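Notes to accompany the following structure.
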Amino acid sequence: MANGLDIKIEISGSRTSADTVAVLLHTWPDKGKPAAAVYSKEIKALAAAGLITGKAGSLAVHLLPDKKPSRLVVVGLGEKAMESPESYRVAGGALAKWVRKERSSSVAVVDASDPVALVSGFVLGGFDYTDYKGKVTRDKKPLAAVKLSLVGKYSSALRAEIDRAMTIAEAQNYARTIASRPGNDINPPSLAKVARELGKEVGLGVTILDEKKMKQLGMGGILAVGSGSNATPPRMIVLEYLGSKGKTAKSPTLLVVGKAITFDTGGISIKGAAGMQKMVFDKCGGMAVLGMMRAIAKLKLPVHVVGILASAENHISETAYRPGDILKMYNGVTVEVTNTDAEGRLVLGDGLAWGIETFKPAAVVDLATLTGGVVVALGKTMAGVMGNDDSIIEELQAASKLTGEKMWRLPIGEDQRELLKSDPADIVNSGPREAHPLQGGAFLSYFVPEKLPWAHIDIAGVADTEKELPYYSKGATGWGVRTLVEWVTARIGRH
């Protein structure tokens, strides 16, 4: 696929004609794997030279002269006692990055205990955003299709499991692709065009609310945020998947809303210049929704899902909204603007309130790169999740454990809502410094009925990365796509 390896999967009970064979090893020495025994001589030579340790994601190469395959790649799985699907995703990502770098056309992996996780990591690790590479840096000849052979004794059900894993990982790479596009390419109107194209491709209903329609509806939050950019006004982008069996009266609806700020200057409360180029990733919550919708449509899941991308550019101009402005949101809540850089909650508030009233969902999730405070609290390896219902948060945490996309529950309640009280209006959009990520969730709670199960996921620390990670390259990660798909899948048949 674009910006990723074109991967073909072969499942075989015996060796293939691949040019490279890969063996997965735990922390050396590893006596337990048949694959290790096959190449024990070569592995011992690498170990004696200090080239392999089995550390997770480590990789060593041994040439096999006059043989087919001609290269042996030893990929580390980490400690045996710590083995998990994540171990295999990390190994798959490391292998894919090596394949991409070495331009290998075929690789066979021998006796992988978790081939599904391995394939997921391989697809994600093969991603490399190259759309804007020019003649100076672009490869003269793109890497052709890569054949990944899974060699071992596997059940007949593996093919379907592999296809599902690939569909979801490719949807995550799709989200990464759109998230990586710069502000001079993606803005709210052009993002709406992308959504329409996706709808045609996979069979989604697409509705676009433009600024005129949003004004009629009284969406004061998203209109204010987008008011500084007259050339590229805001859009509420709605994607609807009716389910493989069609929408029926008994079909519960799931609603997922994503923040899609295509560029964020901070507005009049302007951000510092350092790192502002990363604000192209302020749309990553919406991109996770986009990827989720692509995956569930291609998987033909029997569930009704609505995805909303609340999209605006937060710019500076004579028409931009200001600190001190008072906004009336879609549901009638009034907001005193104390910081124009706390804009994500304003677009999400309108998206949540309107989406809930329109589609009457059984459960709601929103995702956003909302606060720097969540990065201070949890770092860059996990997201913060909060909400009004224990069950939905437990469901999301269970899904995150399946995918390796870590999240940690944070509290919100009356203490946090109290921090947002305003003198001239109902609430402020940004309160005092304390409990900053919790304030974001508390603000959004004003736009969700108390008894409707709802969770807010703050992905500010995980939506992009400044360094190479085991199965992510620098840039957008597409975090949340896999967890959302697993959450939706687990919800099937509950009602």
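In the structure tokens, chains take the letters A, B, ... in the order shown, each chain's residues start at 1, and ligands count up from 1 in the order shown.
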**OP:** For Gly324 in chain A, list every protein, DNA or RNA residue within 9 Å, evaluated using only C-alpha atoms, and leave out those in the same chain fewer than 5 positions away; present the list as a count of residues only.
**Re:** 4
**OP:** Tell me, as a PyMOL selection string, which residues lie within 9 Å of Ser269 in chain A, counting only C-alpha atoms; anything in the same chain fewer than 4 positions away does not count.
**Re:** chain A and resi 265+322-323+339-341
**OP:** Mind checking which residues fall within 12 Å of Ala171 in chain A, counting only C-alpha atoms, ignoring those fewer than 6 positions away in the same chain, and posting them as an MDAnalysis selection string?
**Re:** chainID A and resid 1:2 4 120 123:124 127 164:165 177:178 198 202 287:299 477:482 484:485
Subject >> DSSP strand (DSSP E or B) residues within range 182-220 of chain A, as a ChimeraX atom specification >> reply: /A:205-209
**OP:** With a distance cut-off of 10 Å and only C-alpha atoms, select the neighbouring residues of Ala490 in chain A, excluding the residue or stretch itself and same-chain residues fewer than 6 positions from it, and output the selection as a count of residues only.
**Re:** 5
